[in-house]
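Visitor: My questions will all concern the structure given below.
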Amino acid sequence: MNTIIYTIICALVIAFVLGVLLGLFKKIFHVDTDPKVEKVREALSGANCGGCGLAGCDAFAGAVVKGEAPTNGCVAGGAACATKISEILGAAGVEVKPQIAFLACNGTKECALDKGVYHGVQTCKGAQLVMNGTKKCTFGCIGLGDCVNVCPFGALSMGENGLPVVDKSKCVGCGKCAKACPKHLFKVIDADTTGPVAKCSNHSDNKPQIKKDCSVGCFKCGICAKKCPAQAIDVSSGIPAVDYTKCTKCGECIKACHDKVLIML
């Protein structure tokens with residue numbers, strides 16, 4: 001009986017001593033926090049998506065108060081969030097352009113041929129490491145949904161054609177899909193972008209092989225650039241790149257493209 005009592009007393013004494021020590025350590029090592037950090041943190045979306053380029057909302061709140069991150073850095077929060085942060089910091093408001101993800105590939109299951117049957121870990125990253133993707137087109141979408149799995153907003157889903165589909169009403173342009181895609185097929189563009197854009201990322205100059213691997217791959221004929229009356233298209237990289245400051249959205253390049261690589265946003 002005495003042993004039990006002594007054990008209880010010792011436990012209480014140890015707990016008391018530890019409590020006192022923890023309290024002392026808290027005071028000794030206390031770091032004052034700028035109250036603005038907590039206010040900014042409350043104004044954020046709370047998605048912890050990493051679209052700001054930092055580890056999460058806490059890291060962004062600290063950085064923006066220190067002036068190390070822009071007040072419009074929270075892509076998930078958008079313009080309303082940027083306005084609140086600017087008010088908290090007493091800074092002038094900045095323009096925030098909504099952004100969305102765009103998949104630069106049109107190689108559906110019907111158009112892009114498979115190399116074979118892949119039995120490994122069912123991730124795009126795994127297939128990329130094992131066999132450089134599942135399709136004969138080494139630039140094409142693997143289609144195992146790594147982008148879908150990392151999207152914190154439910155803005156991506158796999159379509160029946162084997163390609164991911166972006167729900168523009170949910171996408172905030174955080175860029176997580178772009179980082180997850182081992183083929184680097186996603187681009188983050190301004191949501192209000194209008195004009196032609198290429199749905200292909202095949203930069204190979206082996207023209208005969210392009211058509212063997214994918215029936216809708218860009219053939220590198222350059223006719224889109226030749227037919228553009230505004231000279232707004234550059235094909236030097238192997239894929240049509242549109243200068244939207246010159247583009248008049250006339251659609252002549254889309255009409256001229258035999259492979260239907262270009263689409264109008």
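Ordered as shown in the structure tokens, chains take letters A, B, and onward, while each chain numbers its residues from 1 and ligands are numbered from 1 in the order shown.
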Taking the DSSP assignment computed from this structure's backbone, write out as a short mmCIF file (atom, residue, chain, number, x, y, z; two decimals) with all heavy atoms, in the first residue's frame all residues of range 117-183 of chain A that belong to strand (DSSP E).

Guide:
data_model
loop_
_atom_site.label_atom_id
_atom_site.label_comp_id
_atom_site.auth_asym_id
_atom_site.auth_seq_id
_atom_site.Cartn_x
_atom_site.Cartn_y
_atom_site.Cartn_z
N LEU A 156 -9.90 18.72 -61.03
CA LEU A 156 -9.44 17.82 -62.07
C LEU A 156 -10.09 16.45 -61.94
O LEU A 156 -10.31 15.96 -60.83
CB LEU A 156 -7.92 17.66 -61.98
CG LEU A 156 -7.07 18.80 -62.57
CD1 LEU A 156 -5.62 18.64 -62.14
CD2 LEU A 156 -7.15 18.81 -64.08
N SER A 157 -10.38 15.87 -63.06
CA SER A 157 -10.93 14.51 -63.09
C SER A 157 -10.44 13.83 -64.36
O SER A 157 -10.09 14.50 -65.34
CB SER A 157 -12.47 14.53 -63.06
OG SER A 157 -12.98 15.24 -64.19
N MET A 158 -10.40 12.51 -64.36
CA MET A 158 -9.97 11.79 -65.55
C MET A 158 -11.15 11.58 -66.49
O MET A 158 -12.21 11.08 -66.09
CB MET A 158 -9.37 10.44 -65.17
CG MET A 158 -8.02 10.54 -64.46
SD MET A 158 -6.76 11.47 -65.39
CE MET A 158 -6.65 10.52 -66.91
N PRO A 164 -6.87 14.05 -68.43
CA PRO A 164 -7.49 14.80 -67.33
C PRO A 164 -8.30 15.98 -67.85
O PRO A 164 -7.95 16.59 -68.86
CB PRO A 164 -6.29 15.27 -66.50
CG PRO A 164 -5.14 15.24 -67.44
CD PRO A 164 -5.40 14.12 -68.40
N VAL A 165 -9.40 16.26 -67.17
CA VAL A 165 -10.29 17.36 -67.55
C VAL A 165 -10.26 18.42 -66.46
O VAL A 165 -10.38 18.10 -65.27
CB VAL A 165 -11.73 16.86 -67.75
CG1 VAL A 165 -12.66 18.01 -68.11
CG2 VAL A 165 -11.78 15.78 -68.82
N VAL A 166 -10.09 19.67 -66.86
CA VAL A 166 -10.04 20.78 -65.90
C VAL A 166 -11.42 21.43 -65.78
O VAL A 166 -12.01 21.83 -66.77
CB VAL A 166 -9.02 21.85 -66.34
CG1 VAL A 166 -8.99 23.01 -65.33
CG2 VAL A 166 -7.63 21.25 -66.49
#

Visitor: Which residues are close to range 76-87 of chain A, i.e. within 7 Å by only C-alpha atoms, leaving aside same-chain residues fewer than 2 positions away? Reply as a PyMOL selection string.

Guide: chain A and resi 40+43-45+71-72+74+89-93+96+98+172+174

Visitor: Which parts of range 2-171 of chain A does DSSP call alpha helix (DSSP H) when run on the backbone here, written out as a PyMOL selection string?

Guide: chain A and resi 2-28+35-43+57-66+78-89+124-131+146-150

Visitor: Write out as a tab-separated table a residue-level contact list of range 83-144 of chain A versus range 231-250 of chain A with cut-off 12 Å: for each qualifying residue the closest pair of atoms and the distance in Å to one decimal, counting only C-alpha atoms, rows sorted by chain and residue number upward.

Guide:
residue	atom	partner	partner_atom	distance
A:Ala104	CA	A:Ile239	CA	10.2
A:Cys105	CA	A:Ile239	CA	11.4
A:Phe139	CA	A:Ile239	CA	12.0

Visitor: For Gln122 in chain A, please output as a ChimeraX atom specification all residues within 10 Å (counting only C-alpha atoms; exclusion window: fewer than 3 positions along the same chain).

Guide: /A:118-119,125-127,143-146

Visitor: Can you work out which one of A:Ala55, A:Ala61, A:Val261, A:Leu12 has the shortest atom-to-atom distance to Thr33 in chain A, counting only C-alpha atoms?

Guide: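 Ranking A:Ala55, A:Ala61, A:Val261, A:Leu12 by distance to Thr33 in chain A, first place goes to A:Ala61.
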
Visitor: Got a sec: who's within 10 Å of Leu113 in chain A, counting only C-alpha atoms, leaving out chain neighbours fewer than 6 positions off, as a compact mmCIF listing (two decimals) with N, CA, C and O atoms, in the first residue's frame?

Guide:
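The resulting file, around.txt, is shown below:
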# COMPACT_ATOMS: atom_id res chain seq x y z
N GLY A 107 -3.59 13.92 -76.87
CA GLY A 107 -3.36 12.52 -77.19
C GLY A 107 -4.26 11.57 -76.43
O GLY A 107 -3.85 10.92 -75.46
N THR A 134 3.69 5.64 -70.79
CA THR A 134 3.00 4.48 -71.34
C THR A 134 2.72 4.58 -72.83
O THR A 134 2.33 3.60 -73.45
N LYS A 135 2.93 5.76 -73.41
CA LYS A 135 2.60 5.96 -74.82
C LYS A 135 3.84 6.01 -75.69
O LYS A 135 4.93 6.34 -75.23
N LYS A 136 3.65 5.69 -76.95
CA LYS A 136 4.76 5.76 -77.91
C LYS A 136 5.24 7.20 -78.06
O LYS A 136 6.43 7.44 -78.29
N CYS A 137 4.33 8.14 -77.97
CA CYS A 137 4.71 9.56 -77.94
C CYS A 137 5.30 9.84 -76.57
O CYS A 137 4.58 9.86 -75.57
N GLY A 140 3.62 12.65 -74.54
CA GLY A 140 2.19 12.63 -74.27
C GLY A 140 1.80 12.34 -72.84
O GLY A 140 2.58 11.80 -72.04
N LYS A 212 3.09 8.53 -86.56
CA LYS A 212 2.97 7.12 -86.20
C LYS A 212 2.56 6.96 -84.75
O LYS A 212 1.80 6.05 -84.39
N ASP A 213 3.06 7.85 -83.90
CA ASP A 213 2.81 7.75 -82.47
C ASP A 213 1.49 8.37 -82.04
O ASP A 213 0.82 7.89 -81.13
N CYS A 214 1.10 9.47 -82.71
CA CYS A 214 -0.13 10.18 -82.32
C CYS A 214 -0.73 10.87 -83.55
O CYS A 214 -0.07 11.71 -84.17
N SER A 215 -1.94 10.54 -83.85
CA SER A 215 -2.58 11.07 -85.06
C SER A 215 -2.89 12.56 -84.98
O SER A 215 -3.17 13.19 -86.00

Visitor: For Lys183 in chain A, which of A:Gly133, A:Pro229, A:Gly73, A:Pro152 is the closest residue, counting only C-alpha atoms?

Guide: A:Gly133

Visitor: Can you pull out the residues contacting Val37 in chain A? Cut-off 9 Å, using only C-alpha atoms, and skip same-chain residues under 4 positions away; I want them as a PDB file with all heavy atoms, in the first residue's frame.

Guide:
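As a result, selection32.pdb now contains:
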ATOM      1  N   THR A  33       5.495  37.450 -31.748  1.00  0.00           N
ATOM      2  CA  THR A  33       4.937  37.313 -33.090  1.00  0.00           C
ATOM      3  C   THR A  33       4.173  38.569 -33.465  1.00  0.00           C
ATOM      4  O   THR A  33       3.402  39.097 -32.670  1.00  0.00           O
ATOM      5  CB  THR A  33       3.978  36.104 -33.156  1.00  0.00           C
ATOM      6  OG1 THR A  33       4.677  34.932 -32.747  1.00  0.00           O
ATOM      7  CG2 THR A  33       3.469  35.900 -34.569  1.00  0.00           C
ATOM      8  N   ARG A  41      -3.085  35.421 -41.654  1.00  0.00           N
ATOM      9  CA  ARG A  41      -3.376  33.973 -41.708  1.00  0.00           C
ATOM     10  C   ARG A  41      -4.893  33.735 -41.732  1.00  0.00           C
ATOM     11  O   ARG A  41      -5.388  32.854 -42.443  1.00  0.00           O
ATOM     12  CB  ARG A  41      -2.758  33.279 -40.492  1.00  0.00           C
ATOM     13  CG  ARG A  41      -3.019  31.771 -40.433  1.00  0.00           C
ATOM     14  CD  ARG A  41      -2.372  31.073 -41.596  1.00  0.00           C
ATOM     15  NE  ARG A  41      -2.611  29.644 -41.587  1.00  0.00           N
ATOM     16  CZ  ARG A  41      -3.707  29.053 -42.046  1.00  0.00           C
ATOM     17  NH1 ARG A  41      -4.676  29.800 -42.591  1.00  0.00           N
ATOM     18  NH2 ARG A  41      -3.849  27.752 -42.027  1.00  0.00           N
ATOM     19  N   GLU A  42      -5.632  34.500 -40.965  1.00  0.00           N
ATOM     20  CA  GLU A  42      -7.091  34.359 -40.930  1.00  0.00           C
ATOM     21  C   GLU A  42      -7.735  34.783 -42.246  1.00  0.00           C
ATOM     22  O   GLU A  42      -8.804  34.298 -42.610  1.00  0.00           O
ATOM     23  CB  GLU A  42      -7.659  35.192 -39.777  1.00  0.00           C
ATOM     24  CG  GLU A  42      -7.280  34.653 -38.391  1.00  0.00           C
ATOM     25  CD  GLU A  42      -7.755  35.565 -37.274  1.00  0.00           C
ATOM     26  OE1 GLU A  42      -8.304  36.642 -37.586  1.00  0.00           O
ATOM     27  OE2 GLU A  42      -7.555  35.221 -36.095  1.00  0.00           O
ATOM     28  N   ASP A  58       0.690  29.222 -43.279  1.00  0.00           N
ATOM     29  CA  ASP A  58       1.451  29.817 -42.173  1.00  0.00           C
ATOM     30  C   ASP A  58       2.729  30.466 -42.685  1.00  0.00           C
ATOM     31  O   ASP A  58       3.080  31.578 -42.284  1.00  0.00           O
ATOM     32  CB  ASP A  58       1.783  28.747 -41.124  1.00  0.00           C
ATOM     33  CG  ASP A  58       0.563  28.294 -40.345  1.00  0.00           C
ATOM     34  OD1 ASP A  58      -0.414  29.066 -40.283  1.00  0.00           O
ATOM     35  OD2 ASP A  58       0.588  27.179 -39.798  1.00  0.00           O
ATOM     36  N   ALA A  61       1.873  33.657 -44.632  1.00  0.00           N
ATOM     37  CA  ALA A  61       1.473  34.769 -43.761  1.00  0.00           C
ATOM     38  C   ALA A  61       2.693  35.458 -43.172  1.00  0.00           C
ATOM     39  O   ALA A  61       2.782  36.695 -43.149  1.00  0.00           O
ATOM     40  CB  ALA A  61       0.556  34.260 -42.650  1.00  0.00           C
ATOM     41  N   GLY A  62       3.651  34.661 -42.695  1.00  0.00           N
ATOM     42  CA  GLY A  62       4.867  35.242 -42.140  1.00  0.00           C
ATOM     43  C   GLY A  62       5.676  35.983 -43.182  1.00  0.00           C
ATOM     44  O   GLY A  62       6.207  37.078 -42.927  1.00  0.00           O
ATOM     45  N   ALA A  63       5.753  35.412 -44.378  1.00  0.00           N
ATOM     46  CA  ALA A  63       6.553  36.016 -45.441  1.00  0.00           C
ATOM     47  C   ALA A  63       5.950  37.317 -45.949  1.00  0.00           C
ATOM     48  O   ALA A  63       6.658  38.279 -46.220  1.00  0.00           O
ATOM     49  CB  ALA A  63       6.714  35.020 -46.586  1.00  0.00           C
ATOM     50  N   VAL A  64       4.621  37.359 -46.075  1.00  0.00           N
ATOM     51  CA  VAL A  64       3.990  38.555 -46.632  1.00  0.00           C
ATOM     52  C   VAL A  64       4.086  39.725 -45.657  1.00  0.00           C
ATOM     53  O   VAL A  64       4.242  40.880 -46.074  1.00  0.00           O
ATOM     54  CB  VAL A  64       2.521  38.265 -47.018  1.00  0.00           C
ATOM     55  CG1 VAL A  64       1.618  38.205 -45.810  1.00  0.00           C
ATOM     56  CG2 VAL A  64       2.005  39.325 -47.998  1.00  0.00           C
ATOM     57  N   VAL A  65       4.031  39.441 -44.356  1.00  0.00           N
ATOM     58  CA  VAL A  65       4.174  40.514 -43.364  1.00  0.00           C
ATOM     59  C   VAL A  65       5.602  41.064 -43.368  1.00  0.00           C
ATOM     60  O   VAL A  65       5.831  42.266 -43.189  1.00  0.00           O
ATOM     61  CB  VAL A  65       3.796  39.996 -41.954  1.00  0.00           C
ATOM     62  CG1 VAL A  65       4.161  41.023 -40.887  1.00  0.00           C
ATOM     63  CG2 VAL A  65       2.294  39.705 -41.893  1.00  0.00           C
TER      64      VAL A  65
END

Visitor: Give me the residues near Val75 in chain A as number ranges by chain, where near means some atom within 12 Å (using only C-alpha atoms) and where sequence neighbours in that chain fewer than 5 positions away do not count.

Guide: A: 44-54, 56-57, 60, 70, 80-82, 95-100, 153, 171-176, 188, 190
